[in-house]
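Here is the structure we will look at.
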2 protein chains.
Amino acid sequence: MDLKEKKLSSKEIYKGKILDLYVDEVICPNGHKSSRELIRHCKASCVIAKLDNGNFLLEKQYRYPYDEVILEFPAGKCDKNEDPKITALRELEEETGYKANDIEFLGEYYPTCAYTDEIIYLYFASNLVKTKQHLDENEVLNVFEVTKDELKELFLNNEIKDGKTQACYLYYLLRDK
Amino acid sequence: MDLKEKKLSSKEIYKGKILDLYVDEVICPNGHKSSRELIRHCKASCVIAKLDNGNFLLEKQYRYPYDEVILEFPAGKCDKNEDPKITALRELEEETGYKANDIEFLGEYYPTCAYTDEIIYLYFASNLVKTKQHLDENEVLNVFEVTKDELKELFLNNEIKDGKTQACYLYYLLRDK
């Protein structure tokens with residue numbers, strides 16, 4: 001069966017700083033009309049970064065939608081037309097003060113396919129050299145190191161709930177780094 | 001350092017079928033004012049379901065924001081005040097026609113913490129009995145079985161890009177089912 005829906009019209013509801021909202025009218029494969037609420041967001045990158053001592057970099061960051069401080073791997077939005085690999089290297093260095101000499105693509109992550117078009121590109125970074133952290137204005141986060149075993153425990157205890165971080169770790173495990 | 005932001009005001013931009021959009025004014029920990037664009041969405045559940053023959057259930061579904069048919073584990077939104085475990089059992093049976101006699105909580109998944117408050121609860125279902133698929137109106141999806149090795153290959157080849165499905169599989173691997 002053809003699963004695809006056909007767009008009839010698209011209405012812009014909101015154009016914002018980090019996201020835009022549209023409501024589109026579609027025809028479903030069964031011929032019925034329906035509407036789709038849709039967030040458009042730029043691409044982003046996320047990095048699992050391994051230090052020469054075998055430890056991994058984690059960040060604590062307050063996330064307003066959850067009103068919670070959560071644990072995440074370094075990540076950030078792609079600048080316009082920026083190669084996601086460059087984003088990964090740039091955000092890693094800006095947020096943690098580590099420059100990676102090696103970086104490897106792990107996979108793509110679709111956060112919530114029902115209502116956003118965001119794609120996050122996942123990377124593994126190694127051969128890290130200490131430089132200097134330079135956060136954006138209003139960006140506040142704490143960076144710390146965990147061992148391989150501590151990282152696994154944090155996932156097992158569901159203390160890392162951030163999806164891009166979970167997906168990045170899945171690919172790291174599958175690729176047996 | 002305190003990482004928390006303080007809400008000053010909240011403006012409702014859009015109230016929709018599956019999501020609401022707000023723009024809130026906040027004070028950052030550094031004392032600067034900023035705004036936060038925020039999607040509010042109900043909770044949901046996602047299930048990795050293992051058949052008695054050792055195979056797993058996957059779904060092919062067209063996802064409008066990506067204009068792509070993607071692979072996902074069974075999942076769906078919680079009805080108002082519904083226990084996410086009940087959602088998992090209900091959606092599994094509605095979408096695949098399998099009733100699970102055993103279900104186990106794996107972990108929580110925050111899809112995209114910068115701009116949505118959605119939480120997806122992840123489950124492992126087993127001891128499945130065939131009943132009958134009953135899809136919602138306008139819900140169109142194909143259900144199929146894959147072996148354990150085929151499932152791993154699909155992840156390794158990045159043919160499964162859906163984040164909740166990746167996170168569910170991570171917990172399944174970590175808990176060594």
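Identifiers for the structure tokens are assigned positionally: chains receive A, B, ... in sequence, residues are indexed from 1 per chain, and ligands are indexed from 1 in the order shown.
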_Close residues, A:Gln61 itself excluded, 7 Å, only C-alpha atoms, min 6 positions apart in chain, as a list in words_ = Val69, Ile70, Leu71, Val140, Leu141 and Asn142 of chain A; Leu3 of chain B
Preceding selection exported with N, CA, C and O atoms as a compact mmCIF listing (two decimals), in the first residue's frame:
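As written to disk, out-v1.txt reads:
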# COMPACT_ATOMS: atom_id res chain seq x y z
N VAL A 69 17.43 20.13 35.28
CA VAL A 69 18.82 20.07 34.83
C VAL A 69 19.06 18.66 34.33
O VAL A 69 18.84 17.69 35.07
N ILE A 70 19.45 18.51 33.07
CA ILE A 70 19.61 17.16 32.52
C ILE A 70 21.04 16.95 32.03
O ILE A 70 21.82 17.90 31.87
N LEU A 71 21.37 15.69 31.80
CA LEU A 71 22.71 15.30 31.33
C LEU A 71 22.66 15.06 29.82
O LEU A 71 21.78 14.38 29.32
N VAL A 140 24.53 28.49 29.60
CA VAL A 140 25.10 28.17 30.90
C VAL A 140 25.10 26.65 31.04
O VAL A 140 24.04 26.02 30.97
N LEU A 141 26.26 26.06 31.19
CA LEU A 141 26.31 24.60 31.36
C LEU A 141 27.58 24.21 32.11
O LEU A 141 28.58 24.92 32.10
N ASN A 142 27.51 23.06 32.78
CA ASN A 142 28.67 22.50 33.49
C ASN A 142 29.17 21.27 32.74
O ASN A 142 28.39 20.38 32.42
N LEU B 3 21.88 26.64 37.64
CA LEU B 3 21.69 26.59 36.18
C LEU B 3 20.27 26.99 35.78
O LEU B 3 19.99 27.15 34.60
For stretch 123-132 of chain B: contacts at 12 Å, only C-alpha atoms, fewer than 4 positions along chain excluded, given as a JSON list (two decimals) with N, CA and C atoms, in the first residue's frame:
[["chain", "number", "residue", "atom", "x", "y", "z"],
["B", 44, "ALA", "N", 3.77, 9.97, 25.86],
["B", 44, "ALA", "CA", 3.57, 8.88, 24.90],
["B", 44, "ALA", "C", 4.34, 7.65, 25.36],
["B", 45, "SER", "N", 4.10, 6.53, 24.71],
["B", 45, "SER", "CA", 4.81, 5.29, 25.02],
["B", 45, "SER", "C", 5.31, 4.64, 23.74],
["B", 46, "CYS", "N", 6.39, 3.88, 23.86],
["B", 46, "CYS", "CA", 6.98, 3.15, 22.73],
["B", 46, "CYS", "C", 7.40, 1.76, 23.24],
["B", 47, "VAL", "N", 7.25, 0.75, 22.39],
["B", 47, "VAL", "CA", 7.43, -0.65, 22.82],
["B", 47, "VAL", "C", 8.32, -1.44, 21.89],
["B", 48, "ILE", "N", 9.37, -2.05, 22.42],
["B", 48, "ILE", "CA", 10.08, -3.09, 21.67],
["B", 48, "ILE", "C", 9.41, -4.41, 22.04],
["B", 49, "ALA", "N", 8.85, -5.08, 21.04],
["B", 49, "ALA", "CA", 8.02, -6.26, 21.30],
["B", 49, "ALA", "C", 8.67, -7.48, 20.66],
["B", 50, "LYS", "N", 8.90, -8.50, 21.49],
["B", 50, "LYS", "CA", 9.58, -9.72, 21.05],
["B", 50, "LYS", "C", 8.56, -10.86, 20.99],
["B", 51, "LEU", "N", 8.46, -11.47, 19.81],
["B", 51, "LEU", "CA", 7.55, -12.60, 19.61],
["B", 51, "LEU", "C", 8.17, -13.88, 20.19],
["B", 52, "ASP", "N", 7.33, -14.88, 20.38],
["B", 52, "ASP", "CA", 7.81, -16.15, 20.93],
["B", 52, "ASP", "C", 8.83, -16.82, 19.99],
["B", 53, "ASN", "N", 8.76, -16.50, 18.68],
["B", 53, "ASN", "CA", 9.75, -17.08, 17.74],
["B", 53, "ASN", "C", 11.08, -16.32, 17.75],
["B", 54, "GLY", "N", 11.23, -15.32, 18.65],
["B", 54, "GLY", "CA", 12.47, -14.57, 18.76],
["B", 54, "GLY", "C", 12.54, -13.33, 17.87],
["B", 55, "ASN", "N", 11.54, -13.17, 17.00],
["B", 55, "ASN", "CA", 11.52, -11.99, 16.12],
["B", 55, "ASN", "C", 10.95, -10.76, 16.83],
["B", 56, "PHE", "N", 11.20, -9.60, 16.21],
["B", 56, "PHE", "CA", 10.73, -8.33, 16.75],
["B", 56, "PHE", "C", 9.75, -7.67, 15.78],
["B", 57, "LEU", "N", 8.84, -6.89, 16.32],
["B", 57, "LEU", "CA", 7.84, -6.19, 15.49],
["B", 57, "LEU", "C", 8.34, -4.80, 15.11],
["B", 73, "PHE", "N", 9.38, 1.32, 16.15],
["B", 73, "PHE", "CA", 8.68, 0.40, 17.02],
["B", 73, "PHE", "C", 7.27, 0.95, 17.26],
["B", 74, "PRO", "N", 6.32, 0.08, 17.62],
["B", 74, "PRO", "CA", 4.96, 0.54, 17.93],
["B", 74, "PRO", "C", 4.99, 1.61, 19.04],
["B", 75, "ALA", "N", 4.14, 2.62, 18.88],
["B", 75, "ALA", "CA", 4.15, 3.74, 19.82],
["B", 75, "ALA", "C", 2.87, 4.54, 19.66],
["B", 84, "PRO", "N", 1.21, 5.23, 31.32],
["B", 84, "PRO", "CA", 1.96, 4.95, 30.08],
["B", 84, "PRO", "C", 2.13, 3.46, 29.78],
["B", 85, "LYS", "N", 2.09, 2.62, 30.81],
["B", 85, "LYS", "CA", 2.18, 1.18, 30.58],
["B", 85, "LYS", "C", 0.92, 0.67, 29.86],
["B", 86, "ILE", "N", -0.23, 1.22, 30.25],
["B", 86, "ILE", "CA", -1.50, 0.86, 29.59],
["B", 86, "ILE", "C", -1.47, 1.36, 28.14],
["B", 87, "THR", "N", -0.93, 2.58, 27.95],
["B", 87, "THR", "CA", -0.78, 3.12, 26.59],
["B", 87, "THR", "C", 0.05, 2.16, 25.74],
["B", 88, "ALA", "N", 1.17, 1.69, 26.30],
["B", 88, "ALA", "CA", 2.07, 0.82, 25.56],
["B", 88, "ALA", "C", 1.34, -0.45, 25.13],
["B", 89, "LEU", "N", 0.61, -1.07, 26.07],
["B", 89, "LEU", "CA", -0.14, -2.30, 25.76],
["B", 89, "LEU", "C", -1.23, -2.03, 24.72],
["B", 90, "ARG", "N", -1.93, -0.93, 24.89],
["B", 90, "ARG", "CA", -3.04, -0.58, 23.99],
["B", 90, "ARG", "C", -2.54, -0.30, 22.59],
["B", 91, "GLU", "N", -1.49, 0.54, 22.48],
["B", 91, "GLU", "CA", -0.98, 0.91, 21.15],
["B", 91, "GLU", "C", -0.36, -0.31, 20.46],
["B", 92, "LEU", "N", 0.34, -1.14, 21.22],
["B", 92, "LEU", "CA", 0.91, -2.36, 20.63],
["B", 92, "LEU", "C", -0.20, -3.20, 19.99],
["B", 93, "GLU", "N", -1.28, -3.40, 20.73],
["B", 93, "GLU", "CA", -2.36, -4.26, 20.21],
["B", 93, "GLU", "C", -3.10, -3.58, 19.06],
["B", 94, "GLU", "N", -3.39, -2.27, 19.19],
["B", 94, "GLU", "CA", -4.10, -1.56, 18.12],
["B", 94, "GLU", "C", -3.29, -1.57, 16.82],
["B", 95, "GLU", "N", -1.98, -1.31, 16.94],
["B", 95, "GLU", "CA", -1.17, -1.13, 15.73],
["B", 95, "GLU", "C", -0.70, -2.44, 15.12],
["B", 96, "THR", "N", -0.44, -3.46, 15.96],
["B", 96, "THR", "CA", 0.15, -4.69, 15.42],
["B", 96, "THR", "C", -0.77, -5.91, 15.52],
["B", 97, "GLY", "N", -1.84, -5.82, 16.36],
["B", 97, "GLY", "CA", -2.67, -7.00, 16.56],
["B", 97, "GLY", "C", -2.02, -8.04, 17.44],
["B", 98, "TYR", "N", -1.15, -7.61, 18.35],
["B", 98, "TYR", "CA", -0.58, -8.52, 19.34],
["B", 98, "TYR", "C", -0.82, -7.98, 20.74],
["B", 99, "LYS", "N", -1.33, -8.85, 21.60],
["B", 99, "LYS", "CA", -1.53, -8.52, 23.00],
["B", 99, "LYS", "C", -0.34, -9.09, 23.78],
["B", 100, "ALA", "N", 0.26, -8.24, 24.64],
["B", 100, "ALA", "CA", 1.42, -8.69, 25.41],
["B", 100, "ALA", "C", 0.99, -9.13, 26.81],
["B", 101, "ASN", "N", 1.41, -10.31, 27.22],
["B", 101, "ASN", "CA", 1.13, -10.75, 28.59],
["B", 101, "ASN", "C", 2.19, -10.29, 29.57],
["B", 102, "ASP", "N", 3.37, -9.92, 29.05],
["B", 102, "ASP", "CA", 4.41, -9.37, 29.92],
["B", 102, "ASP", "C", 4.90, -8.04, 29.36],
["B", 103, "ILE", "N", 5.05, -7.08, 30.24],
["B", 103, "ILE", "CA", 5.58, -5.78, 29.81],
["B", 103, "ILE", "C", 6.45, -5.22, 30.93],
["B", 104, "GLU", "N", 7.59, -4.64, 30.52],
["B", 104, "GLU", "CA", 8.57, -4.17, 31.50],
["B", 104, "GLU", "C", 9.03, -2.77, 31.12],
["B", 105, "PHE", "N", 9.08, -1.88, 32.09],
["B", 105, "PHE", "CA", 9.53, -0.51, 31.84],
["B", 105, "PHE", "C", 11.05, -0.49, 31.61],
["B", 106, "LEU", "N", 11.48, 0.21, 30.57],
["B", 106, "LEU", "CA", 12.91, 0.29, 30.25],
["B", 106, "LEU", "C", 13.53, 1.63, 30.64],
["B", 107, "GLY", "N", 12.82, 2.72, 30.38],
["B", 107, "GLY", "CA", 13.41, 4.03, 30.65],
["B", 107, "GLY", "C", 12.57, 5.14, 30.04],
["B", 108, "GLU", "N", 13.02, 6.38, 30.27],
["B", 108, "GLU", "CA", 12.33, 7.55, 29.71],
["B", 108, "GLU", "C", 13.19, 8.16, 28.60],
["B", 109, "TYR", "N", 12.50, 8.82, 27.69],
["B", 109, "TYR", "CA", 13.14, 9.42, 26.51],
["B", 109, "TYR", "C", 12.62, 10.85, 26.34],
["B", 164, "LYS", "N", 12.95, 7.52, 19.27],
["B", 164, "LYS", "CA", 12.35, 6.71, 20.35],
["B", 164, "LYS", "C", 12.67, 5.23, 20.13],
["B", 165, "THR", "N", 12.75, 4.83, 18.84],
["B", 165, "THR", "CA", 13.07, 3.44, 18.50],
["B", 165, "THR", "C", 14.53, 3.14, 18.83],
["B", 167, "ALA", "N", 16.30, 4.73, 21.16],
["B", 167, "ALA", "CA", 16.44, 4.74, 22.63],
["B", 167, "ALA", "C", 15.89, 3.44, 23.23],
["B", 168, "CYS", "N", 14.76, 2.97, 22.70],
["B", 168, "CYS", "CA", 14.16, 1.72, 23.16],
["B", 168, "CYS", "C", 15.15, 0.57, 22.95],
["B", 169, "TYR", "N", 15.79, 0.56, 21.80],
["B", 169, "TYR", "CA", 16.75, -0.51, 21.48],
["B", 169, "TYR", "C", 17.98, -0.41, 22.37],
["B", 170, "LEU", "N", 18.45, 0.81, 22.65],
["B", 170, "LEU", "CA", 19.58, 0.99, 23.58],
["B", 170, "LEU", "C", 19.27, 0.32, 24.91],
["B", 171, "TYR", "N", 18.08, 0.60, 25.48],
["B", 171, "TYR", "CA", 17.74, 0.04, 26.79],
["B", 171, "TYR", "C", 17.57, -1.47, 26.72],
["B", 172, "TYR", "N", 17.03, -1.94, 25.60],
["B", 172, "TYR", "CA", 16.90, -3.39, 25.41],
["B", 172, "TYR", "C", 18.30, -4.03, 25.45],
["B", 173, "LEU", "N", 19.26, -3.44, 24.75],
["B", 173, "LEU", "CA", 20.63, -3.98, 24.73],
["B", 173, "LEU", "C", 21.27, -3.91, 26.11],
["B", 175, "ARG", "N", 19.93, -3.80, 29.02],
["B", 175, "ARG", "CA", 19.31, -4.67, 30.02],
["B", 175, "ARG", "C", 19.43, -6.14, 29.62],
["B", 176, "ASP", "N", 20.08, -6.36, 28.44],
["B", 176, "ASP", "CA", 20.49, -7.70, 28.04],
["B", 176, "ASP", "C", 19.32, -8.68, 28.04],
["B", 177, "LYS", "N", 18.28, -8.29, 27.32],
["B", 177, "LYS", "CA", 17.06, -9.12, 27.23],
["B", 177, "LYS", "C", 17.33, -10.36, 26.38]]
*Give me every strand (DSSP E or B) residue in stretch 61-100 of chain B, going by DSSP on the backbone, as a ChimeraX atom specification.*
/B:61-63,68-72,75-77,98-100
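Within 6 Å of chain B, and using only C-alpha atoms, the residues found on chain A are A:Leu3, A:Lys4, A:Tyr62, A:Pro65, A:Tyr66, A:Gly107, A:Glu108, A:Tyr109, A:Tyr110, A:Pro111, A:Thr112, A:Thr116, A:Asp117, A:Asn158, A:Lys161, A:Asp162, A:Gly163, A:Gln166, A:Ala167, A:Leu170.
Atom pair atom CA of A:Cys78 / atom CA of A:Cys42: separated by 6.8 Å.
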_DSSP on the backbone, helix (DSSP H, G or I) only: what residues of stretch 3-174 of chain B does that give? Format it as a VMD selection string._
chain B and resid 64 to 66 84 to 96 148 to 156 163 to 174
*How far is it from atom CA of B:Glu150 to atom CA of B:His134, in Å with one decimal?*
26.8 Å
*Compare B:His41, B:Leu58, B:Tyr22, B:Leu122 by their minimum atom-to-atom distance to B:Lys148, counting only C-alpha atoms, and give me the closest one.*
B:Leu58
*In Å to one decimal, how far is atom CA of A:Phe144 from atom CA of A:Asp79?*
25.8 Å
